[in-house]
Amino acid sequence: MLISSADINRRVKELAVQISAEYGQRPVVLVGVLKGSFIFMADLVRHLTCPVRIEFIGTKSYSGSSSSGEVQLTKDLDKPIQGEDVLLVEDIVDTGLTLNYLQHMLAQRGPLSIRTVAFLDKPSRRRIEVQADYVGFVIEDRFVVGYGLDFDQKYRNLSDLCVLAA
Ligand code: IMP
């Protein structure tokens, strides 16, 4: 185990307090990046005090545990985000390719602002310079599963964050 569910819950609450303080009573469109962010999104949103709308967007860049280097959209937003404060909710920023792609794509739709909250950050793996505004935990270059993150669609349901054994 790398990070226990108790530590995760504590940190997610802290992130929510920080985010709530910054947005105040401004409505925020939370855009969860499927599928890895679904548990983080569900936990985070329950601690936010600003008014929220929930959207999901789907991307794909991985097969197995190695990045293909290509980002594909698998599901688009249901509604426009023009004039809205958008908060992208990511499971992990790894190479940064997904976040970079999404930030640019969503910026073209005329939102008032775009920020990103990432549950995890693996800065040593970056292939493109991009940074989340809020980060839960910075981790080393290990392939992790649990709390929504998978290996070949497995282990998303683990409550703790675990390192995949080689
Ligand atoms: P990117 O390399 O920053 O574009 O990350 C793309 C996606 O790869 C992330 O949103 C995750 O879903 C997945 N990913 C990256 N690192 C890991 C990991 O350690 N475990 C599980 N999924 C990962």
# chains A, B, ... in the order shown; residues from 1 in each chain; ligands from 1
>>> residues_near_ligand(ligand="ligand 1", cutoff="7 Å", atoms="only C-alpha atoms and all ligand atoms", output="PyMOL selection string")
chain A and resi 36+61-62+67+90-99+142-145+149-151
>>> write_last_selection(atoms="N, CA and C atoms", output="PDB file, in the first residue's frame")
ATOM      1  N   GLY A  36     -10.717   7.254 -14.562  1.00  0.00           N
ATOM      2  CA  GLY A  36      -9.935   7.214 -13.319  1.00  0.00           C
ATOM      3  C   GLY A  36     -10.350   8.172 -12.224  1.00  0.00           C
ATOM      4  N   SER A  61      -5.482   7.063 -23.317  1.00  0.00           N
ATOM      5  CA  SER A  61      -4.114   7.217 -23.819  1.00  0.00           C
ATOM      6  C   SER A  61      -3.258   6.022 -23.451  1.00  0.00           C
ATOM      7  N   TYR A  62      -3.799   5.177 -22.603  1.00  0.00           N
ATOM      8  CA  TYR A  62      -3.006   4.075 -22.088  1.00  0.00           C
ATOM      9  C   TYR A  62      -3.526   2.742 -22.588  1.00  0.00           C
ATOM     10  N   SER A  67       2.298   4.326 -21.630  1.00  0.00           N
ATOM     11  CA  SER A  67       1.563   5.354 -22.361  1.00  0.00           C
ATOM     12  C   SER A  67       1.795   5.231 -23.858  1.00  0.00           C
ATOM     13  N   GLU A  90      -8.833  15.426 -12.407  1.00  0.00           N
ATOM     14  CA  GLU A  90      -8.002  14.359 -12.981  1.00  0.00           C
ATOM     15  C   GLU A  90      -7.583  13.364 -11.907  1.00  0.00           C
ATOM     16  N   ASP A  91      -7.427  12.118 -12.284  1.00  0.00           N
ATOM     17  CA  ASP A  91      -6.904  11.138 -11.331  1.00  0.00           C
ATOM     18  C   ASP A  91      -5.408  11.340 -11.102  1.00  0.00           C
ATOM     19  N   ILE A  92      -4.658  11.476 -12.218  1.00  0.00           N
ATOM     20  CA  ILE A  92      -3.208  11.587 -12.092  1.00  0.00           C
ATOM     21  C   ILE A  92      -2.642  12.349 -13.294  1.00  0.00           C
ATOM     22  N   VAL A  93      -1.661  13.185 -13.038  1.00  0.00           N
ATOM     23  CA  VAL A  93      -0.924  13.807 -14.139  1.00  0.00           C
ATOM     24  C   VAL A  93       0.396  13.056 -14.235  1.00  0.00           C
ATOM     25  N   ASP A  94       0.569  12.362 -15.351  1.00  0.00           N
ATOM     26  CA  ASP A  94       1.715  11.482 -15.542  1.00  0.00           C
ATOM     27  C   ASP A  94       2.626  12.117 -16.606  1.00  0.00           C
ATOM     28  N   THR A  95       2.492  11.746 -17.868  1.00  0.00           N
ATOM     29  CA  THR A  95       3.276  12.415 -18.915  1.00  0.00           C
ATOM     30  C   THR A  95       2.796  13.858 -19.097  1.00  0.00           C
ATOM     31  N   GLY A  96       1.543  14.125 -18.725  1.00  0.00           N
ATOM     32  CA  GLY A  96       0.970  15.463 -18.899  1.00  0.00           C
ATOM     33  C   GLY A  96       0.239  15.626 -20.221  1.00  0.00           C
ATOM     34  N   LEU A  97       0.308  14.609 -21.076  1.00  0.00           N
ATOM     35  CA  LEU A  97      -0.283  14.721 -22.415  1.00  0.00           C
ATOM     36  C   LEU A  97      -1.802  14.894 -22.346  1.00  0.00           C
ATOM     37  N   THR A  98      -2.449  14.157 -21.457  1.00  0.00           N
ATOM     38  CA  THR A  98      -3.914  14.246 -21.345  1.00  0.00           C
ATOM     39  C   THR A  98      -4.332  15.627 -20.863  1.00  0.00           C
ATOM     40  N   LEU A  99      -3.694  16.091 -19.801  1.00  0.00           N
ATOM     41  CA  LEU A  99      -4.063  17.387 -19.239  1.00  0.00           C
ATOM     42  C   LEU A  99      -3.803  18.504 -20.243  1.00  0.00           C
ATOM     43  N   ARG A 142       6.015   5.243  -9.923  1.00  0.00           N
ATOM     44  CA  ARG A 142       5.522   3.880  -9.688  1.00  0.00           C
ATOM     45  C   ARG A 142       4.153   3.796 -10.346  1.00  0.00           C
ATOM     46  N   PHE A 143       3.790   2.610 -10.852  1.00  0.00           N
ATOM     47  CA  PHE A 143       2.462   2.455 -11.423  1.00  0.00           C
ATOM     48  C   PHE A 143       1.494   2.098 -10.298  1.00  0.00           C
ATOM     49  N   VAL A 144       0.530   2.970 -10.068  1.00  0.00           N
ATOM     50  CA  VAL A 144      -0.364   2.808  -8.919  1.00  0.00           C
ATOM     51  C   VAL A 144      -1.787   2.447  -9.356  1.00  0.00           C
ATOM     52  N   VAL A 145      -2.463   1.728  -8.471  1.00  0.00           N
ATOM     53  CA  VAL A 145      -3.858   1.335  -8.729  1.00  0.00           C
ATOM     54  C   VAL A 145      -4.681   1.566  -7.467  1.00  0.00           C
ATOM     55  N   LEU A 149      -8.066   4.315  -9.947  1.00  0.00           N
ATOM     56  CA  LEU A 149      -7.041   4.049 -10.963  1.00  0.00           C
ATOM     57  C   LEU A 149      -6.935   2.553 -11.242  1.00  0.00           C
ATOM     58  N   ASP A 150      -6.671   2.236 -12.496  1.00  0.00           N
ATOM     59  CA  ASP A 150      -6.723   0.831 -12.910  1.00  0.00           C
ATOM     60  C   ASP A 150      -5.416   0.344 -13.525  1.00  0.00           C
ATOM     61  N   PHE A 151      -5.344  -0.968 -13.642  1.00  0.00           N
ATOM     62  CA  PHE A 151      -4.420  -1.611 -14.566  1.00  0.00           C
ATOM     63  C   PHE A 151      -5.279  -2.539 -15.412  1.00  0.00           C
TER      64      PHE A 151
END
>>> residues_around(residues="Ala16 (chain A)", least_positions_apart="5", cutoff="7 Å", atoms="only C-alpha atoms", output="PDB file with N, CA and C atoms, in the first residue's frame")
ATOM      1  N   LEU A  44     -14.596  14.345  -3.539  1.00  0.00           N
ATOM      2  CA  LEU A  44     -14.297  15.784  -3.530  1.00  0.00           C
ATOM      3  C   LEU A  44     -15.580  16.621  -3.507  1.00  0.00           C
ATOM      4  N   HIS A  47     -17.499  17.495  -0.373  1.00  0.00           N
ATOM      5  CA  HIS A  47     -16.916  18.426   0.595  1.00  0.00           C
ATOM      6  C   HIS A  47     -16.842  19.851   0.070  1.00  0.00           C
ATOM      7  N   LEU A  48     -17.293  20.069  -1.173  1.00  0.00           N
ATOM      8  CA  LEU A  48     -17.257  21.431  -1.725  1.00  0.00           C
ATOM      9  C   LEU A  48     -18.475  22.218  -1.260  1.00  0.00           C
TER      10      LEU A  48
END
>>> residues_around(residues="Thr74 (chain A)", least_positions_apart="2", cutoff="10 Å", atoms="only C-alpha atoms", output="PyMOL selection string")
chain A and resi 34+57-60+71-72+76
>>> select_by_dssp(residues="region 21-59 of chain A", states="alpha helix (DSSP H)", output="ChimeraX atom specification")
/A:21-23,38-45
>>> write_last_selection(atoms="all heavy atoms", output="PDB file, in the first residue's frame")
ATOM      1  N   ALA A  21     -12.789  27.721  -0.702  1.00  0.00           N
ATOM      2  CA  ALA A  21     -12.400  29.070  -0.270  1.00  0.00           C
ATOM      3  C   ALA A  21     -12.099  29.944  -1.487  1.00  0.00           C
ATOM      4  O   ALA A  21     -12.432  31.128  -1.508  1.00  0.00           O
ATOM      5  CB  ALA A  21     -11.192  29.004   0.647  1.00  0.00           C
ATOM      6  N   GLU A  22     -11.469  29.351  -2.497  1.00  0.00           N
ATOM      7  CA  GLU A  22     -11.083  30.163  -3.660  1.00  0.00           C
ATOM      8  C   GLU A  22     -12.265  30.519  -4.562  1.00  0.00           C
ATOM      9  O   GLU A  22     -12.288  31.594  -5.145  1.00  0.00           O
ATOM     10  CB  GLU A  22      -9.969  29.476  -4.428  1.00  0.00           C
ATOM     11  CG  GLU A  22      -8.701  29.564  -3.595  1.00  0.00           C
ATOM     12  CD  GLU A  22      -7.436  29.158  -4.296  1.00  0.00           C
ATOM     13  OE1 GLU A  22      -7.376  29.248  -5.534  1.00  0.00           O
ATOM     14  OE2 GLU A  22      -6.509  28.743  -3.583  1.00  0.00           O
ATOM     15  N   TYR A  23     -13.244  29.643  -4.683  1.00  0.00           N
ATOM     16  CA  TYR A  23     -14.392  29.946  -5.554  1.00  0.00           C
ATOM     17  C   TYR A  23     -15.513  30.665  -4.811  1.00  0.00           C
ATOM     18  O   TYR A  23     -16.366  31.289  -5.448  1.00  0.00           O
ATOM     19  CB  TYR A  23     -14.927  28.662  -6.209  1.00  0.00           C
ATOM     20  CG  TYR A  23     -14.036  28.142  -7.319  1.00  0.00           C
ATOM     21  CD1 TYR A  23     -13.108  27.152  -7.083  1.00  0.00           C
ATOM     22  CD2 TYR A  23     -14.127  28.666  -8.613  1.00  0.00           C
ATOM     23  CE1 TYR A  23     -12.277  26.673  -8.095  1.00  0.00           C
ATOM     24  CE2 TYR A  23     -13.305  28.199  -9.633  1.00  0.00           C
ATOM     25  CZ  TYR A  23     -12.390  27.204  -9.372  1.00  0.00           C
ATOM     26  OH  TYR A  23     -11.573  26.746 -10.374  1.00  0.00           O
ATOM     27  N   PHE A  38     -13.391   8.951 -11.177  1.00  0.00           N
ATOM     28  CA  PHE A  38     -14.785   8.878 -10.693  1.00  0.00           C
ATOM     29  C   PHE A  38     -14.902   8.814  -9.172  1.00  0.00           C
ATOM     30  O   PHE A  38     -15.816   9.401  -8.600  1.00  0.00           O
ATOM     31  CB  PHE A  38     -15.561   7.740 -11.379  1.00  0.00           C
ATOM     32  CG  PHE A  38     -15.319   6.353 -10.845  1.00  0.00           C
ATOM     33  CD1 PHE A  38     -16.301   5.699 -10.120  1.00  0.00           C
ATOM     34  CD2 PHE A  38     -14.128   5.688 -11.081  1.00  0.00           C
ATOM     35  CE1 PHE A  38     -16.105   4.414  -9.645  1.00  0.00           C
ATOM     36  CE2 PHE A  38     -13.918   4.396 -10.610  1.00  0.00           C
ATOM     37  CZ  PHE A  38     -14.912   3.761  -9.880  1.00  0.00           C
ATOM     38  N   ILE A  39     -13.978   8.163  -8.497  1.00  0.00           N
ATOM     39  CA  ILE A  39     -14.069   8.075  -7.032  1.00  0.00           C
ATOM     40  C   ILE A  39     -13.596   9.390  -6.402  1.00  0.00           C
ATOM     41  O   ILE A  39     -14.232   9.918  -5.482  1.00  0.00           O
ATOM     42  CB  ILE A  39     -13.270   6.873  -6.502  1.00  0.00           C
ATOM     43  CG1 ILE A  39     -13.933   5.582  -6.995  1.00  0.00           C
ATOM     44  CG2 ILE A  39     -13.187   6.898  -4.980  1.00  0.00           C
ATOM     45  CD1 ILE A  39     -13.226   4.307  -6.581  1.00  0.00           C
ATOM     46  N   PHE A  40     -12.509   9.928  -6.922  1.00  0.00           N
ATOM     47  CA  PHE A  40     -11.995  11.218  -6.442  1.00  0.00           C
ATOM     48  C   PHE A  40     -13.059  12.299  -6.595  1.00  0.00           C
ATOM     49  O   PHE A  40     -13.320  13.087  -5.679  1.00  0.00           O
ATOM     50  CB  PHE A  40     -10.726  11.550  -7.238  1.00  0.00           C
ATOM     51  CG  PHE A  40     -10.102  12.870  -6.890  1.00  0.00           C
ATOM     52  CD1 PHE A  40      -9.949  13.277  -5.572  1.00  0.00           C
ATOM     53  CD2 PHE A  40      -9.627  13.702  -7.904  1.00  0.00           C
ATOM     54  CE1 PHE A  40      -9.356  14.509  -5.262  1.00  0.00           C
ATOM     55  CE2 PHE A  40      -9.044  14.920  -7.606  1.00  0.00           C
ATOM     56  CZ  PHE A  40      -8.912  15.324  -6.280  1.00  0.00           C
ATOM     57  N   MET A  41     -13.693  12.329  -7.748  1.00  0.00           N
ATOM     58  CA  MET A  41     -14.759  13.298  -8.023  1.00  0.00           C
ATOM     59  C   MET A  41     -15.885  13.152  -6.992  1.00  0.00           C
ATOM     60  O   MET A  41     -16.358  14.149  -6.428  1.00  0.00           O
ATOM     61  CB  MET A  41     -15.290  13.050  -9.436  1.00  0.00           C
ATOM     62  CG  MET A  41     -16.521  13.824  -9.799  1.00  0.00           C
ATOM     63  SD  MET A  41     -16.121  15.528 -10.184  1.00  0.00           S
ATOM     64  CE  MET A  41     -16.916  15.675 -11.771  1.00  0.00           C
ATOM     65  N   ALA A  42     -16.305  11.923  -6.762  1.00  0.00           N
ATOM     66  CA  ALA A  42     -17.429  11.683  -5.845  1.00  0.00           C
ATOM     67  C   ALA A  42     -17.091  12.119  -4.423  1.00  0.00           C
ATOM     68  O   ALA A  42     -17.935  12.681  -3.720  1.00  0.00           O
ATOM     69  CB  ALA A  42     -17.804  10.198  -5.864  1.00  0.00           C
ATOM     70  N   ASP A  43     -15.859  11.877  -4.000  1.00  0.00           N
ATOM     71  CA  ASP A  43     -15.457  12.277  -2.647  1.00  0.00           C
ATOM     72  C   ASP A  43     -15.269  13.789  -2.553  1.00  0.00           C
ATOM     73  O   ASP A  43     -15.732  14.418  -1.610  1.00  0.00           O
ATOM     74  CB  ASP A  43     -14.150  11.574  -2.257  1.00  0.00           C
ATOM     75  CG  ASP A  43     -14.379  10.115  -1.879  1.00  0.00           C
ATOM     76  OD1 ASP A  43     -15.552   9.725  -1.691  1.00  0.00           O
ATOM     77  OD2 ASP A  43     -13.380   9.377  -1.772  1.00  0.00           O
ATOM     78  N   LEU A  44     -14.596  14.345  -3.539  1.00  0.00           N
ATOM     79  CA  LEU A  44     -14.297  15.784  -3.530  1.00  0.00           C
ATOM     80  C   LEU A  44     -15.580  16.621  -3.507  1.00  0.00           C
ATOM     81  O   LEU A  44     -15.733  17.549  -2.720  1.00  0.00           O
ATOM     82  CB  LEU A  44     -13.468  16.138  -4.779  1.00  0.00           C
ATOM     83  CG  LEU A  44     -12.995  17.574  -4.895  1.00  0.00           C
ATOM     84  CD1 LEU A  44     -11.853  17.851  -3.903  1.00  0.00           C
ATOM     85  CD2 LEU A  44     -12.532  17.889  -6.315  1.00  0.00           C
ATOM     86  N   VAL A  45     -16.507  16.266  -4.369  1.00  0.00           N
ATOM     87  CA  VAL A  45     -17.696  17.089  -4.573  1.00  0.00           C
ATOM     88  C   VAL A  45     -18.546  17.169  -3.299  1.00  0.00           C
ATOM     89  O   VAL A  45     -19.192  18.179  -3.032  1.00  0.00           O
ATOM     90  CB  VAL A  45     -18.491  16.555  -5.783  1.00  0.00           C
ATOM     91  CG1 VAL A  45     -19.253  15.304  -5.460  1.00  0.00           C
ATOM     92  CG2 VAL A  45     -19.380  17.606  -6.361  1.00  0.00           C
TER      93      VAL A  45
END
>>> residues_around(residues="Ile54 (chain A)", least_positions_apart="5", cutoff="7 Å", atoms="only C-alpha atoms", output="PyMOL selection string")
chain A and resi 29-31
>>> residues_around(residues="Leu112 (chain A)", least_positions_apart="5", cutoff="10 Å", atoms="only C-alpha atoms", output="PyMOL selection string")
chain A and resi 81-86+107
>>> closest_residue(among="A:Pro80, A:Gly69, A:Gly32, A:Pro27", to="Phe119 (chain A)", atoms="only C-alpha atoms")
A:Gly32
>>> residues_around(residues="Gln131 (chain A)", least_positions_apart="2", cutoff="10 Å", atoms="only C-alpha atoms", output="list in words")
Val93, Gly96, Leu99, Asn100, Arg115, Thr116, Val117, Ala118, Asp121, Pro123, Arg126, Ile128, Glu129, Asp133, Tyr134 and Val135 of chain A
>>> write_last_selection(atoms="N, CA, C and O atoms", output="PDB file, in the first residue's frame")
ATOM      1  N   VAL A  93      -1.661  13.185 -13.038  1.00  0.00           N
ATOM      2  CA  VAL A  93      -0.924  13.807 -14.139  1.00  0.00           C
ATOM      3  C   VAL A  93       0.396  13.056 -14.235  1.00  0.00           C
ATOM      4  O   VAL A  93       1.218  13.093 -13.316  1.00  0.00           O
ATOM      5  N   GLY A  96       1.543  14.125 -18.725  1.00  0.00           N
ATOM      6  CA  GLY A  96       0.970  15.463 -18.899  1.00  0.00           C
ATOM      7  C   GLY A  96       0.239  15.626 -20.221  1.00  0.00           C
ATOM      8  O   GLY A  96      -0.386  16.660 -20.463  1.00  0.00           O
ATOM      9  N   LEU A  99      -3.694  16.091 -19.801  1.00  0.00           N
ATOM     10  CA  LEU A  99      -4.063  17.387 -19.239  1.00  0.00           C
ATOM     11  C   LEU A  99      -3.803  18.504 -20.243  1.00  0.00           C
ATOM     12  O   LEU A  99      -4.633  19.407 -20.418  1.00  0.00           O
ATOM     13  N   ASN A 100      -2.676  18.445 -20.913  1.00  0.00           N
ATOM     14  CA  ASN A 100      -2.340  19.452 -21.917  1.00  0.00           C
ATOM     15  C   ASN A 100      -3.388  19.484 -23.033  1.00  0.00           C
ATOM     16  O   ASN A 100      -3.882  20.539 -23.427  1.00  0.00           O
ATOM     17  N   ARG A 115      -9.294  25.654 -14.270  1.00  0.00           N
ATOM     18  CA  ARG A 115      -8.269  25.199 -13.331  1.00  0.00           C
ATOM     19  C   ARG A 115      -8.332  23.685 -13.299  1.00  0.00           C
ATOM     20  O   ARG A 115      -9.301  23.075 -13.758  1.00  0.00           O
ATOM     21  N   THR A 116      -7.307  23.099 -12.696  1.00  0.00           N
ATOM     22  CA  THR A 116      -7.250  21.634 -12.626  1.00  0.00           C
ATOM     23  C   THR A 116      -6.936  21.186 -11.217  1.00  0.00           C
ATOM     24  O   THR A 116      -6.051  21.750 -10.571  1.00  0.00           O
ATOM     25  N   VAL A 117      -7.673  20.177 -10.763  1.00  0.00           N
ATOM     26  CA  VAL A 117      -7.290  19.493  -9.532  1.00  0.00           C
ATOM     27  C   VAL A 117      -6.946  18.052  -9.899  1.00  0.00           C
ATOM     28  O   VAL A 117      -7.695  17.387 -10.606  1.00  0.00           O
ATOM     29  N   ALA A 118      -5.765  17.617  -9.469  1.00  0.00           N
ATOM     30  CA  ALA A 118      -5.330  16.245  -9.742  1.00  0.00           C
ATOM     31  C   ALA A 118      -5.135  15.530  -8.416  1.00  0.00           C
ATOM     32  O   ALA A 118      -4.477  16.057  -7.509  1.00  0.00           O
ATOM     33  N   ASP A 121       0.150  13.387  -8.704  1.00  0.00           N
ATOM     34  CA  ASP A 121       1.076  14.004  -9.651  1.00  0.00           C
ATOM     35  C   ASP A 121       2.367  13.195  -9.655  1.00  0.00           C
ATOM     36  O   ASP A 121       2.927  12.908  -8.603  1.00  0.00           O
ATOM     37  N   PRO A 123       5.557  13.973 -11.304  1.00  0.00           N
ATOM     38  CA  PRO A 123       6.294  14.967 -12.106  1.00  0.00           C
ATOM     39  C   PRO A 123       7.494  14.390 -12.863  1.00  0.00           C
ATOM     40  O   PRO A 123       7.863  14.907 -13.916  1.00  0.00           O
ATOM     41  N   ARG A 126       6.930  13.571 -16.734  1.00  0.00           N
ATOM     42  CA  ARG A 126       6.410  14.581 -17.666  1.00  0.00           C
ATOM     43  C   ARG A 126       7.085  14.546 -19.033  1.00  0.00           C
ATOM     44  O   ARG A 126       8.312  14.491 -19.121  1.00  0.00           O
ATOM     45  N   ILE A 128       5.556  16.779 -21.302  1.00  0.00           N
ATOM     46  CA  ILE A 128       5.165  18.120 -21.739  1.00  0.00           C
ATOM     47  C   ILE A 128       4.927  18.934 -20.469  1.00  0.00           C
ATOM     48  O   ILE A 128       4.437  18.404 -19.476  1.00  0.00           O
ATOM     49  N   GLU A 129       5.347  20.199 -20.505  1.00  0.00           N
ATOM     50  CA  GLU A 129       5.276  20.979 -19.280  1.00  0.00           C
ATOM     51  C   GLU A 129       3.846  21.429 -19.004  1.00  0.00           C
ATOM     52  O   GLU A 129       3.291  22.253 -19.744  1.00  0.00           O
ATOM     53  N   ASP A 133      -3.394  22.924 -10.782  1.00  0.00           N
ATOM     54  CA  ASP A 133      -3.442  24.013  -9.807  1.00  0.00           C
ATOM     55  C   ASP A 133      -3.519  23.490  -8.378  1.00  0.00           C
ATOM     56  O   ASP A 133      -3.020  24.107  -7.447  1.00  0.00           O
ATOM     57  N   TYR A 134      -4.196  22.356  -8.222  1.00  0.00           N
ATOM     58  CA  TYR A 134      -4.311  21.725  -6.905  1.00  0.00           C
ATOM     59  C   TYR A 134      -3.907  20.261  -7.063  1.00  0.00           C
ATOM     60  O   TYR A 134      -4.357  19.596  -7.996  1.00  0.00           O
ATOM     61  N   VAL A 135      -3.067  19.782  -6.155  1.00  0.00           N
ATOM     62  CA  VAL A 135      -2.583  18.396  -6.239  1.00  0.00           C
ATOM     63  C   VAL A 135      -2.773  17.721  -4.879  1.00  0.00           C
ATOM     64  O   VAL A 135      -2.422  18.283  -3.842  1.00  0.00           O
TER      65      VAL A 135
END
